[in-house]
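Undergrad: This one is final_21.cif, mmCIF, N, CA and C atoms.
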data_start
#
loop_
_atom_site.label_atom_id
_atom_site.label_comp_id
_atom_site.auth_asym_id
_atom_site.auth_seq_id
_atom_site.Cartn_x
_atom_site.Cartn_y
_atom_site.Cartn_z
N MET P 1 0.82 -1.19 0.00
CA MET P 1 0.00 0.00 0.00
C MET P 1 0.86 1.26 0.00
N ASN P 2 1.92 1.26 0.81
CA ASN P 2 2.82 2.41 0.85
C ASN P 2 3.51 2.62 -0.49
N THR P 3 3.80 1.55 -1.19
CA THR P 3 4.43 1.65 -2.50
C THR P 3 3.52 2.36 -3.49
N ILE P 4 2.23 2.08 -3.45
CA ILE P 4 1.27 2.73 -4.34
C ILE P 4 1.17 4.22 -4.00
N ARG P 5 1.08 4.52 -2.71
CA ARG P 5 1.02 5.94 -2.31
C ARG P 5 2.27 6.69 -2.74
N MET P 6 3.44 6.06 -2.57
CA MET P 6 4.69 6.72 -2.96
C MET P 6 4.73 6.91 -4.47
N ALA P 7 4.26 5.94 -5.23
CA ALA P 7 4.25 6.07 -6.69
C ALA P 7 3.33 7.20 -7.13
N VAL P 8 2.15 7.29 -6.53
CA VAL P 8 1.22 8.37 -6.85
C VAL P 8 1.84 9.72 -6.50
N PHE P 9 2.47 9.80 -5.34
CA PHE P 9 3.11 11.04 -4.92
C PHE P 9 4.21 11.46 -5.89
N LEU P 10 5.06 10.52 -6.29
CA LEU P 10 6.16 10.83 -7.20
C LEU P 10 5.66 11.24 -8.59
N ILE P 11 4.61 10.59 -9.06
CA ILE P 11 4.03 10.95 -10.36
C ILE P 11 3.46 12.37 -10.30
N SER P 12 2.70 12.68 -9.24
CA SER P 12 2.13 14.02 -9.13
C SER P 12 3.23 15.06 -8.95
N LEU P 13 4.28 14.73 -8.24
CA LEU P 13 5.40 15.66 -8.09
C LEU P 13 6.07 15.92 -9.44
N ALA P 14 6.22 14.87 -10.24
CA ALA P 14 6.83 15.03 -11.56
C ALA P 14 5.95 15.87 -12.47
N LEU P 15 4.64 15.68 -12.39
CA LEU P 15 3.73 16.43 -13.25
C LEU P 15 3.59 17.88 -12.83
N PHE P 16 3.44 18.14 -11.54
CA PHE P 16 3.16 19.48 -11.07
C PHE P 16 4.37 20.19 -10.48
N GLY P 17 5.36 19.46 -10.07
CA GLY P 17 6.56 20.08 -9.52
C GLY P 17 7.38 20.81 -10.56
N GLY P 18 7.23 20.43 -11.82
CA GLY P 18 7.99 21.06 -12.88
C GLY P 18 7.28 22.24 -13.51
N CYS P 19 6.14 22.64 -12.99
CA CYS P 19 5.42 23.78 -13.54
C CYS P 19 6.26 25.04 -13.37
N ALA P 20 6.32 25.83 -14.42
CA ALA P 20 7.15 27.03 -14.40
C ALA P 20 6.62 28.05 -13.40
N THR P 21 7.51 28.57 -12.58
CA THR P 21 7.17 29.67 -11.69
C THR P 21 7.91 30.93 -12.11
N VAL P 22 8.64 30.85 -13.22
CA VAL P 22 9.30 32.00 -13.81
C VAL P 22 8.94 32.08 -15.29
N VAL P 23 9.07 33.27 -15.85
CA VAL P 23 8.78 33.46 -17.28
C VAL P 23 9.82 32.69 -18.08
N PRO P 24 9.39 31.77 -18.94
CA PRO P 24 10.35 31.00 -19.73
C PRO P 24 11.02 31.85 -20.80
N ASP P 25 12.21 31.41 -21.21
CA ASP P 25 12.92 32.08 -22.31
C ASP P 25 12.20 31.83 -23.62
N GLY P 26 12.42 32.71 -24.58
CA GLY P 26 11.90 32.52 -25.92
C GLY P 26 10.53 33.11 -26.18
N LEU P 27 9.96 33.84 -25.21
CA LEU P 27 8.63 34.43 -25.41
C LEU P 27 8.70 35.87 -25.90
N ASP P 28 9.91 36.39 -26.09
CA ASP P 28 10.12 37.77 -26.54
C ASP P 28 9.48 38.77 -25.58
N LEU P 29 9.69 38.54 -24.28
CA LEU P 29 9.21 39.44 -23.24
C LEU P 29 10.40 40.05 -22.52
N ASP P 30 10.21 41.24 -21.98
CA ASP P 30 11.29 41.93 -21.26
C ASP P 30 11.54 41.34 -19.88
N CYS P 31 10.70 40.43 -19.43
CA CYS P 31 10.82 39.92 -18.06
C CYS P 31 11.13 38.42 -18.02
N GLU P 32 11.87 37.92 -19.02
CA GLU P 32 12.23 36.50 -19.00
C GLU P 32 12.98 36.18 -17.71
N GLY P 33 12.61 35.08 -17.06
CA GLY P 33 13.22 34.67 -15.82
C GLY P 33 12.59 35.29 -14.57
N ALA P 34 11.64 36.22 -14.76
CA ALA P 34 10.97 36.87 -13.62
C ALA P 34 9.96 35.92 -12.99
N LYS P 35 9.68 36.14 -11.72
CA LYS P 35 8.67 35.36 -11.00
C LYS P 35 7.29 35.62 -11.61
N VAL P 36 6.49 34.57 -11.74
CA VAL P 36 5.16 34.66 -12.34
C VAL P 36 4.09 34.55 -11.27
N ARG P 37 3.11 35.44 -11.33
CA ARG P 37 1.92 35.40 -10.48
C ARG P 37 0.74 35.08 -11.39
N THR P 38 0.02 34.02 -11.09
CA THR P 38 -1.07 33.56 -11.95
C THR P 38 -2.41 34.17 -11.54
N ILE P 39 -3.18 34.56 -12.54
CA ILE P 39 -4.57 34.95 -12.36
C ILE P 39 -5.39 33.95 -13.16
N LYS P 40 -6.18 33.13 -12.46
CA LYS P 40 -6.98 32.10 -13.12
C LYS P 40 -8.32 32.69 -13.54
N ILE P 41 -8.61 32.56 -14.83
CA ILE P 41 -9.86 33.07 -15.39
C ILE P 41 -10.60 31.88 -15.99
N LYS P 42 -11.78 31.59 -15.45
CA LYS P 42 -12.58 30.48 -15.94
C LYS P 42 -13.91 31.02 -16.42
N TYR P 43 -14.41 30.44 -17.49
CA TYR P 43 -15.71 30.89 -18.01
C TYR P 43 -16.56 29.70 -18.40
N LYS P 44 -17.86 29.93 -18.33
CA LYS P 44 -18.87 28.92 -18.70
C LYS P 44 -19.58 29.43 -19.95
N ARG P 45 -20.38 28.59 -20.55
CA ARG P 45 -21.08 28.94 -21.79
C ARG P 45 -22.08 30.07 -21.65
N HIS P 46 -22.76 30.15 -20.54
CA HIS P 46 -23.89 31.07 -20.45
C HIS P 46 -23.63 32.25 -19.51
N GLY P 47 -22.54 32.96 -19.75
CA GLY P 47 -22.32 34.23 -19.09
C GLY P 47 -21.70 34.21 -17.71
N LYS P 48 -21.04 33.14 -17.31
CA LYS P 48 -20.40 33.14 -16.00
C LYS P 48 -18.89 33.14 -16.17
N ILE P 49 -18.25 34.16 -15.56
CA ILE P 49 -16.80 34.26 -15.55
C ILE P 49 -16.36 34.36 -14.09
N THR P 50 -15.29 33.65 -13.74
CA THR P 50 -14.71 33.80 -12.41
C THR P 50 -13.23 34.12 -12.56
N VAL P 51 -12.74 34.97 -11.67
CA VAL P 51 -11.33 35.35 -11.64
C VAL P 51 -10.82 35.07 -10.23
N SER P 52 -9.68 34.39 -10.15
CA SER P 52 -9.11 34.05 -8.86
C SER P 52 -7.60 34.32 -8.89
N PRO P 53 -7.09 35.13 -8.02
CA PRO P 53 -7.80 35.95 -7.05
C PRO P 53 -8.37 37.21 -7.72
N THR P 54 -9.36 37.80 -7.09
CA THR P 54 -9.95 39.01 -7.65
C THR P 54 -9.06 40.22 -7.41
N LYS P 55 -8.15 40.13 -6.46
CA LYS P 55 -7.15 41.19 -6.24
C LYS P 55 -5.79 40.52 -6.11
N ARG P 56 -5.02 40.54 -7.19
CA ARG P 56 -3.71 39.89 -7.23
C ARG P 56 -2.63 40.90 -6.84
N GLU P 57 -1.76 40.51 -5.93
CA GLU P 57 -0.63 41.36 -5.55
C GLU P 57 0.60 40.90 -6.31
N VAL P 58 1.32 41.86 -6.88
CA VAL P 58 2.54 41.59 -7.62
C VAL P 58 3.59 42.61 -7.21
N ALA P 59 4.83 42.28 -7.51
CA ALA P 59 5.93 43.21 -7.26
C ALA P 59 6.45 43.73 -8.59
N ARG P 60 7.10 44.86 -8.55
CA ARG P 60 7.72 45.41 -9.75
C ARG P 60 8.70 44.38 -10.31
N GLY P 61 8.73 44.25 -11.62
CA GLY P 61 9.64 43.32 -12.27
C GLY P 61 9.13 41.90 -12.37
N GLU P 62 8.01 41.58 -11.72
CA GLU P 62 7.42 40.24 -11.84
C GLU P 62 6.56 40.18 -13.10
N ALA P 63 5.90 39.05 -13.29
CA ALA P 63 5.02 38.87 -14.45
C ALA P 63 3.67 38.35 -13.98
N ILE P 64 2.66 38.62 -14.79
CA ILE P 64 1.31 38.10 -14.54
C ILE P 64 0.99 37.12 -15.66
N ASP P 65 0.49 35.96 -15.28
CA ASP P 65 0.04 34.96 -16.26
C ASP P 65 -1.47 34.88 -16.16
N TYR P 66 -2.15 35.47 -17.16
CA TYR P 66 -3.60 35.31 -17.25
C TYR P 66 -3.82 33.88 -17.77
N ARG P 67 -4.31 32.99 -16.92
CA ARG P 67 -4.55 31.61 -17.30
C ARG P 67 -6.03 31.47 -17.61
N VAL P 68 -6.39 31.33 -18.89
CA VAL P 68 -7.78 31.42 -19.34
C VAL P 68 -8.27 30.04 -19.78
N LYS P 69 -9.39 29.61 -19.16
CA LYS P 69 -9.90 28.25 -19.41
C LYS P 69 -11.42 28.27 -19.49
N GLY P 70 -11.95 27.52 -20.45
CA GLY P 70 -13.39 27.37 -20.59
C GLY P 70 -13.74 26.14 -21.41
N PRO P 71 -15.04 25.88 -21.59
CA PRO P 71 -15.47 24.67 -22.29
C PRO P 71 -15.24 24.73 -23.80
N THR P 72 -15.18 25.93 -24.36
CA THR P 72 -14.89 26.11 -25.79
C THR P 72 -13.91 27.26 -25.93
N SER P 73 -13.19 27.29 -27.03
CA SER P 73 -12.24 28.37 -27.26
C SER P 73 -13.00 29.66 -27.56
N ARG P 74 -12.71 30.72 -26.81
CA ARG P 74 -13.36 32.02 -26.97
C ARG P 74 -12.29 33.11 -26.98
N ALA P 75 -12.63 34.24 -27.60
CA ALA P 75 -11.72 35.39 -27.59
C ALA P 75 -11.57 35.90 -26.17
N PHE P 76 -10.33 36.23 -25.80
CA PHE P 76 -10.01 36.75 -24.47
C PHE P 76 -9.32 38.10 -24.63
N GLU P 77 -9.68 39.05 -23.75
CA GLU P 77 -8.99 40.33 -23.73
C GLU P 77 -8.91 40.84 -22.29
N ALA P 78 -7.72 41.26 -21.91
CA ALA P 78 -7.51 41.96 -20.64
C ALA P 78 -7.09 43.37 -21.03
N LYS P 79 -7.71 44.36 -20.41
CA LYS P 79 -7.45 45.76 -20.78
C LYS P 79 -7.38 46.60 -19.51
N GLY P 80 -6.23 47.24 -19.28
CA GLY P 80 -6.08 48.14 -18.14
C GLY P 80 -7.01 49.33 -18.28
N THR P 81 -7.62 49.75 -17.17
CA THR P 81 -8.59 50.85 -17.23
C THR P 81 -8.29 51.99 -16.26
N LYS P 82 -7.56 51.70 -15.15
CA LYS P 82 -7.36 52.76 -14.17
C LYS P 82 -6.09 52.50 -13.37
N ALA P 83 -5.31 53.57 -13.18
CA ALA P 83 -4.08 53.51 -12.39
C ALA P 83 -4.28 54.25 -11.07
N PRO P 84 -3.37 54.06 -10.10
CA PRO P 84 -3.53 54.73 -8.81
C PRO P 84 -3.40 56.26 -8.89
N ASP P 85 -2.70 56.75 -9.90
CA ASP P 85 -2.65 58.19 -10.12
C ASP P 85 -2.58 58.47 -11.62
N ALA P 86 -2.83 59.70 -11.99
CA ALA P 86 -2.96 60.08 -13.41
C ALA P 86 -1.67 59.90 -14.20
N SER P 87 -0.52 59.93 -13.54
CA SER P 87 0.74 59.82 -14.28
C SER P 87 1.18 58.38 -14.53
N ALA P 88 0.55 57.41 -13.88
CA ALA P 88 0.94 55.99 -14.03
C ALA P 88 0.24 55.36 -15.22
N SER P 89 0.99 54.58 -15.97
CA SER P 89 0.43 53.86 -17.12
C SER P 89 -0.21 52.56 -16.65
N PHE P 90 -1.24 52.13 -17.36
CA PHE P 90 -1.84 50.83 -17.06
C PHE P 90 -1.88 49.94 -18.30
N ALA P 91 -1.26 50.37 -19.39
CA ALA P 91 -1.26 49.60 -20.64
C ALA P 91 -0.52 48.26 -20.51
N TRP P 92 0.38 48.14 -19.52
CA TRP P 92 1.12 46.90 -19.33
C TRP P 92 0.20 45.73 -18.96
N LEU P 93 -1.03 46.02 -18.52
CA LEU P 93 -1.99 44.98 -18.16
C LEU P 93 -2.68 44.35 -19.39
N ASP P 94 -2.53 44.98 -20.55
CA ASP P 94 -3.26 44.56 -21.75
C ASP P 94 -2.73 43.24 -22.32
N ALA P 95 -3.64 42.36 -22.66
CA ALA P 95 -3.31 41.09 -23.32
C ALA P 95 -4.55 40.62 -24.08
N SER P 96 -4.33 39.85 -25.12
CA SER P 96 -5.47 39.28 -25.84
C SER P 96 -5.05 37.96 -26.48
N GLY P 97 -6.04 37.18 -26.83
CA GLY P 97 -5.79 35.88 -27.43
C GLY P 97 -7.04 35.02 -27.31
N LYS P 98 -6.82 33.75 -27.06
CA LYS P 98 -7.93 32.79 -26.95
C LYS P 98 -7.91 32.12 -25.59
N GLY P 99 -9.11 31.82 -25.11
CA GLY P 99 -9.25 30.99 -23.93
C GLY P 99 -9.07 29.54 -24.34
N GLY P 100 -8.53 28.73 -23.47
CA GLY P 100 -8.23 27.35 -23.83
C GLY P 100 -9.16 26.34 -23.20
N THR P 101 -9.20 25.17 -23.82
CA THR P 101 -10.07 24.11 -23.34
C THR P 101 -9.30 22.98 -22.68
N GLY P 102 -7.98 23.05 -22.66
CA GLY P 102 -7.17 21.99 -22.08
C GLY P 102 -7.18 21.99 -20.57
N TRP P 103 -6.38 21.13 -19.98
CA TRP P 103 -6.31 20.98 -18.54
C TRP P 103 -5.97 22.29 -17.84
N PHE P 104 -4.98 23.04 -18.37
CA PHE P 104 -4.54 24.28 -17.74
C PHE P 104 -5.08 25.53 -18.42
N GLY P 105 -5.72 25.40 -19.57
CA GLY P 105 -6.18 26.57 -20.31
C GLY P 105 -5.04 27.20 -21.08
N ASN P 106 -5.26 28.39 -21.60
CA ASN P 106 -4.23 29.10 -22.34
C ASN P 106 -3.58 30.15 -21.46
N SER P 107 -2.29 30.35 -21.67
CA SER P 107 -1.50 31.27 -20.88
C SER P 107 -1.23 32.54 -21.67
N HIS P 108 -1.41 33.71 -21.02
CA HIS P 108 -1.13 35.01 -21.61
C HIS P 108 -0.33 35.79 -20.58
N ILE P 109 0.97 35.98 -20.84
CA ILE P 109 1.87 36.58 -19.85
C ILE P 109 2.14 38.04 -20.18
N VAL P 110 2.06 38.89 -19.14
CA VAL P 110 2.43 40.30 -19.25
C VAL P 110 3.45 40.62 -18.16
N CYS P 111 4.32 41.59 -18.42
CA CYS P 111 5.36 41.98 -17.48
C CYS P 111 4.95 43.22 -16.69
N VAL P 112 5.26 43.22 -15.40
CA VAL P 112 5.08 44.40 -14.57
C VAL P 112 6.39 45.20 -14.69
N PRO P 113 6.34 46.41 -15.24
CA PRO P 113 7.59 47.18 -15.41
C PRO P 113 8.32 47.39 -14.08
N ASP P 114 9.66 47.42 -14.16
CA ASP P 114 10.50 47.60 -12.97
C ASP P 114 10.23 48.91 -12.25
N ASP P 115 9.80 49.92 -12.99
CA ASP P 115 9.59 51.24 -12.40
C ASP P 115 8.10 51.59 -12.25
N GLN P 116 7.24 50.57 -12.28
CA GLN P 116 5.80 50.82 -12.19
C GLN P 116 5.42 51.44 -10.85
N ALA P 117 4.56 52.45 -10.89
CA ALA P 117 4.09 53.09 -9.65
C ALA P 117 3.34 52.08 -8.80
N ARG P 118 3.50 52.17 -7.51
CA ARG P 118 2.80 51.27 -6.59
C ARG P 118 1.35 51.69 -6.45
N GLY P 119 0.49 50.70 -6.17
CA GLY P 119 -0.92 50.98 -5.95
C GLY P 119 -1.82 50.02 -6.67
N ASN P 120 -3.13 50.31 -6.65
CA ASN P 120 -4.13 49.45 -7.27
C ASN P 120 -4.37 49.85 -8.71
N TYR P 121 -4.41 48.83 -9.59
CA TYR P 121 -4.69 49.02 -11.01
C TYR P 121 -5.94 48.22 -11.35
N GLU P 122 -6.89 48.88 -11.95
CA GLU P 122 -8.11 48.20 -12.38
C GLU P 122 -7.96 47.79 -13.84
N TYR P 123 -8.60 46.67 -14.18
CA TYR P 123 -8.59 46.21 -15.56
C TYR P 123 -9.86 45.43 -15.83
N LEU P 124 -10.17 45.27 -17.11
CA LEU P 124 -11.34 44.50 -17.52
C LEU P 124 -10.90 43.18 -18.13
N ILE P 125 -11.62 42.14 -17.81
CA ILE P 125 -11.47 40.84 -18.46
C ILE P 125 -12.71 40.66 -19.32
N ASN P 126 -12.53 40.46 -20.61
CA ASN P 126 -13.66 40.25 -21.52
C ASN P 126 -13.48 38.90 -22.21
N ILE P 127 -14.49 38.06 -22.11
CA ILE P 127 -14.51 36.77 -22.82
C ILE P 127 -15.61 36.88 -23.87
N GLY P 128 -15.24 36.72 -25.13
CA GLY P 128 -16.19 36.86 -26.23
C GLY P 128 -17.44 36.01 -26.06
N ASP P 129 -18.59 36.61 -26.24
CA ASP P 129 -19.90 35.96 -26.13
C ASP P 129 -20.20 35.39 -24.74
N VAL P 130 -19.43 35.82 -23.73
CA VAL P 130 -19.69 35.36 -22.36
C VAL P 130 -19.95 36.56 -21.46
N GLY P 131 -18.99 37.48 -21.34
CA GLY P 131 -19.18 38.65 -20.49
C GLY P 131 -17.90 39.32 -20.09
N THR P 132 -17.99 40.21 -19.09
CA THR P 132 -16.88 41.04 -18.64
C THR P 132 -16.82 41.08 -17.12
N LEU P 133 -15.61 41.11 -16.57
CA LEU P 133 -15.37 41.30 -15.14
C LEU P 133 -14.34 42.41 -14.95
N ASP P 134 -14.30 42.99 -13.76
CA ASP P 134 -13.36 44.09 -13.50
C ASP P 134 -12.56 43.87 -12.21
N PRO P 135 -11.55 42.98 -12.25
CA PRO P 135 -10.72 42.73 -11.07
C PRO P 135 -9.64 43.81 -10.88
N VAL P 136 -8.77 43.61 -9.89
CA VAL P 136 -7.73 44.57 -9.52
C VAL P 136 -6.38 43.88 -9.37
N VAL P 137 -5.31 44.58 -9.77
CA VAL P 137 -3.94 44.15 -9.50
C VAL P 137 -3.31 45.22 -8.61
N ARG P 138 -2.64 44.79 -7.55
CA ARG P 138 -1.96 45.73 -6.66
C ARG P 138 -0.46 45.56 -6.83
N VAL P 139 0.21 46.62 -7.26
CA VAL P 139 1.67 46.60 -7.38
C VAL P 139 2.24 47.04 -6.05
N GLN P 140 3.09 46.19 -5.47
CA GLN P 140 3.69 46.47 -4.15
C GLN P 140 4.93 47.32 -4.30
#
Go ahead and express the file in the form of structure tokens.
TA:
Amino acid sequence: MNTIRMAVFLISLALFGGCATVVPDGLDLDCEGAKVRTIKIKYKRHGKITVSPTKREVARGEAIDYRVKGPTSRAFEAKGTKAPDASASFAWLDASGKGGTGWFGNSHIVCVPDDQARGNYEYLINIGDVGTLDPVVRVQ
């Protein structure tokens, strides 16, 4: 019995222990090798979208991975809408592509600039033919 438990543990460690926690090379991003903070976005067919966490904390120089998953492939867009002050940019939050149907969904990575102003940034998540949500990212 212990052998079976150990085998299951080792298999799950091999599958999930190797998941990237840094931005991989070759993506043509300015933050390759930076720590990644995931925002899980799930959607259903009839207008339900969930975002977890609804307020993600990140540090300057890190990256955000919008992980988008649903039952069918749909258009995905993240769009920055508000910064903590008028001089701060929020365009770094923008990403678009497709939501995925696989086990992990599709990944859309954006970089938090090294000199980004601290505070709360609002953005919209839009899933084509499903709906829109307005979560927050807090730069520490």
Undergrad: In chain P, what's strand (DSSP E or B) per DSSP? Answer as a PyMOL selection string?
TA: chain P and resi 22+35-43+49-52+55-58+63-69+75-82+95-98+100+106-111+119-127+131-133+136-139
Undergrad: Name the closest residue to P:Ala34 among the candidates P:Glu57, P:Asp115, P:Glu122, P:Glu62; distances are taken between atoms, counting all atoms listed in the file.
TA: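 Closest to P:Ala34, using all atoms listed in the file: P:Glu62.
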Undergrad: Name the residues that the PyMOL selection byres ((chain P and resi 33) around 7) picks from the file above, as a CSV table (one decimal) with N, CA and C atoms, keeping the file's coordinate frame, using the file's chain letters and numbers.
TA:
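Written output follows (result_27.csv):
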chain,number,residue,atom,x,y,z
P,21,THR,N,7.5,28.6,-12.6
P,21,THR,CA,7.2,29.7,-11.7
P,21,THR,C,7.9,30.9,-12.1
P,22,VAL,N,8.6,30.8,-13.2
P,22,VAL,CA,9.3,32.0,-13.8
P,22,VAL,C,8.9,32.1,-15.3
P,23,VAL,N,9.1,33.3,-15.8
P,23,VAL,CA,8.8,33.5,-17.3
P,23,VAL,C,9.8,32.7,-18.1
P,24,PRO,N,9.4,31.8,-18.9
P,24,PRO,CA,10.4,31.0,-19.7
P,24,PRO,C,11.0,31.8,-20.8
P,25,ASP,N,12.2,31.4,-21.2
P,25,ASP,CA,12.9,32.1,-22.3
P,25,ASP,C,12.2,31.8,-23.6
P,30,ASP,N,10.2,41.2,-22.0
P,30,ASP,CA,11.3,41.9,-21.3
P,30,ASP,C,11.5,41.3,-19.9
P,31,CYS,N,10.7,40.4,-19.4
P,31,CYS,CA,10.8,39.9,-18.1
P,31,CYS,C,11.1,38.4,-18.0
P,32,GLU,N,11.9,37.9,-19.0
P,32,GLU,CA,12.2,36.5,-19.0
P,32,GLU,C,13.0,36.2,-17.7
P,34,ALA,N,11.6,36.2,-14.8
P,34,ALA,CA,11.0,36.9,-13.6
P,34,ALA,C,10.0,35.9,-13.0
P,35,LYS,N,9.7,36.1,-11.7
P,35,LYS,CA,8.7,35.4,-11.0
P,35,LYS,C,7.3,35.6,-11.6
P,36,VAL,N,6.5,34.6,-11.7
P,36,VAL,CA,5.2,34.7,-12.3
P,36,VAL,C,4.1,34.6,-11.3
Undergrad: Leaving out stretch 70-85 of chain P and any residue of its chain fewer than 6 positions from it, which residues lie within 9 Å of it when counting only C-alpha atoms, given as a PyMOL selection string?
TA: chain P and resi 41-45+91-102+105+117-130
Undergrad: Of the candidates P:Leu27, P:Ile49, P:Val112, P:Ile39, which shows the shortest atom-to-atom distance to P:Tyr66, using only C-alpha atoms?
TA: P:Ile39
Undergrad: Select from chain P everything DSSP, run on the backbone, classes as helix (DSSP H, G or I), then give the selection as a list in words.
TA: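 Output for chain P, helix (DSSP H, G or I) only: Asn2, Thr3, Ile4, Arg5, Met6, Ala7, Val8, Phe9, Leu10, Ile11, Ser12, Leu13, Ala14, Leu15, Phe16, Ala91, Trp92 and Leu93 of chain P.
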Undergrad: For stretch 114-121 of chain P, where the input has fewer atoms than it should, I would like all heavy atoms rebuilt and written as an mmCIF file, keeping the file's coordinate frame.
TA:
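Dumped to selection-v3.cif:
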data_model
loop_
_atom_site.group_PDB
_atom_site.id
_atom_site.type_symbol
_atom_site.label_atom_id
_atom_site.label_comp_id
_atom_site.auth_asym_id
_atom_site.auth_seq_id
_atom_site.Cartn_x
_atom_site.Cartn_y
_atom_site.Cartn_z
ATOM 1 N N ASP P 114 9.660 47.420 -14.160
ATOM 2 C CA ASP P 114 10.500 47.600 -12.970
ATOM 3 C C ASP P 114 10.230 48.910 -12.250
ATOM 4 O O ASP P 114 10.419 48.995 -11.046
ATOM 5 C CB ASP P 114 11.981 47.534 -13.356
ATOM 6 C CG ASP P 114 12.409 46.155 -13.809
ATOM 7 O OD1 ASP P 114 11.836 45.166 -13.309
ATOM 8 O OD2 ASP P 114 13.311 46.066 -14.661
ATOM 9 N N ASP P 115 9.800 49.920 -12.990
ATOM 10 C CA ASP P 115 9.590 51.240 -12.400
ATOM 11 C C ASP P 115 8.100 51.590 -12.250
ATOM 12 O O ASP P 115 7.742 52.748 -12.093
ATOM 13 C CB ASP P 115 10.280 52.311 -13.237
ATOM 14 C CG ASP P 115 9.773 52.355 -14.671
ATOM 15 O OD1 ASP P 115 9.013 51.447 -15.092
ATOM 16 O OD2 ASP P 115 10.136 53.313 -15.390
ATOM 17 N N GLN P 116 7.240 50.570 -12.280
ATOM 18 C CA GLN P 116 5.800 50.820 -12.190
ATOM 19 C C GLN P 116 5.420 51.440 -10.850
ATOM 20 O O GLN P 116 5.901 50.998 -9.807
ATOM 21 C CB GLN P 116 5.025 49.507 -12.392
ATOM 22 C CG GLN P 116 3.564 49.686 -12.612
ATOM 23 C CD GLN P 116 3.272 50.481 -13.874
ATOM 24 O OE1 GLN P 116 3.849 50.235 -14.920
ATOM 25 N NE2 GLN P 116 2.388 51.437 -13.763
ATOM 26 N N ALA P 117 4.560 52.450 -10.890
ATOM 27 C CA ALA P 117 4.090 53.090 -9.650
ATOM 28 C C ALA P 117 3.340 52.080 -8.800
ATOM 29 O O ALA P 117 2.605 51.231 -9.312
ATOM 30 C CB ALA P 117 3.191 54.279 -9.983
ATOM 31 N N ARG P 118 3.500 52.170 -7.510
ATOM 32 C CA ARG P 118 2.800 51.270 -6.590
ATOM 33 C C ARG P 118 1.350 51.690 -6.450
ATOM 34 O O ARG P 118 1.007 52.852 -6.577
ATOM 35 C CB ARG P 118 3.467 51.296 -5.227
ATOM 36 C CG ARG P 118 4.849 50.752 -5.273
ATOM 37 C CD ARG P 118 5.515 50.858 -3.933
ATOM 38 N NE ARG P 118 6.862 50.815 -4.146
ATOM 39 C CZ ARG P 118 7.837 49.962 -3.919
ATOM 40 N NH1 ARG P 118 7.733 49.264 -3.478
ATOM 41 N NH2 ARG P 118 9.031 49.870 -4.160
ATOM 42 N N GLY P 119 0.490 50.700 -6.170
ATOM 43 C CA GLY P 119 -0.920 50.980 -5.950
ATOM 44 C C GLY P 119 -1.820 50.020 -6.670
ATOM 45 O O GLY P 119 -1.367 49.020 -7.246
ATOM 46 N N ASN P 120 -3.130 50.310 -6.650
ATOM 47 C CA ASN P 120 -4.130 49.450 -7.270
ATOM 48 C C ASN P 120 -4.370 49.850 -8.710
ATOM 49 O O ASN P 120 -4.563 51.023 -9.016
ATOM 50 C CB ASN P 120 -5.456 49.542 -6.509
ATOM 51 C CG ASN P 120 -5.377 48.901 -5.150
ATOM 52 O OD1 ASN P 120 -4.543 48.037 -4.899
ATOM 53 N ND2 ASN P 120 -6.233 49.320 -4.252
ATOM 54 N N TYR P 121 -4.410 48.830 -9.590
ATOM 55 C CA TYR P 121 -4.690 49.020 -11.010
ATOM 56 C C TYR P 121 -5.940 48.220 -11.350
ATOM 57 O O TYR P 121 -6.007 47.028 -11.061
ATOM 58 C CB TYR P 121 -3.516 48.516 -11.859
ATOM 59 C CG TYR P 121 -2.289 49.379 -11.737
ATOM 60 C CD1 TYR P 121 -1.430 49.252 -10.650
ATOM 61 C CD2 TYR P 121 -2.009 50.337 -12.694
ATOM 62 C CE1 TYR P 121 -0.317 50.057 -10.516
ATOM 63 C CE2 TYR P 121 -0.891 51.154 -12.580
ATOM 64 C CZ TYR P 121 -0.055 51.004 -11.492
ATOM 65 O OH TYR P 121 1.042 51.806 -11.370
#
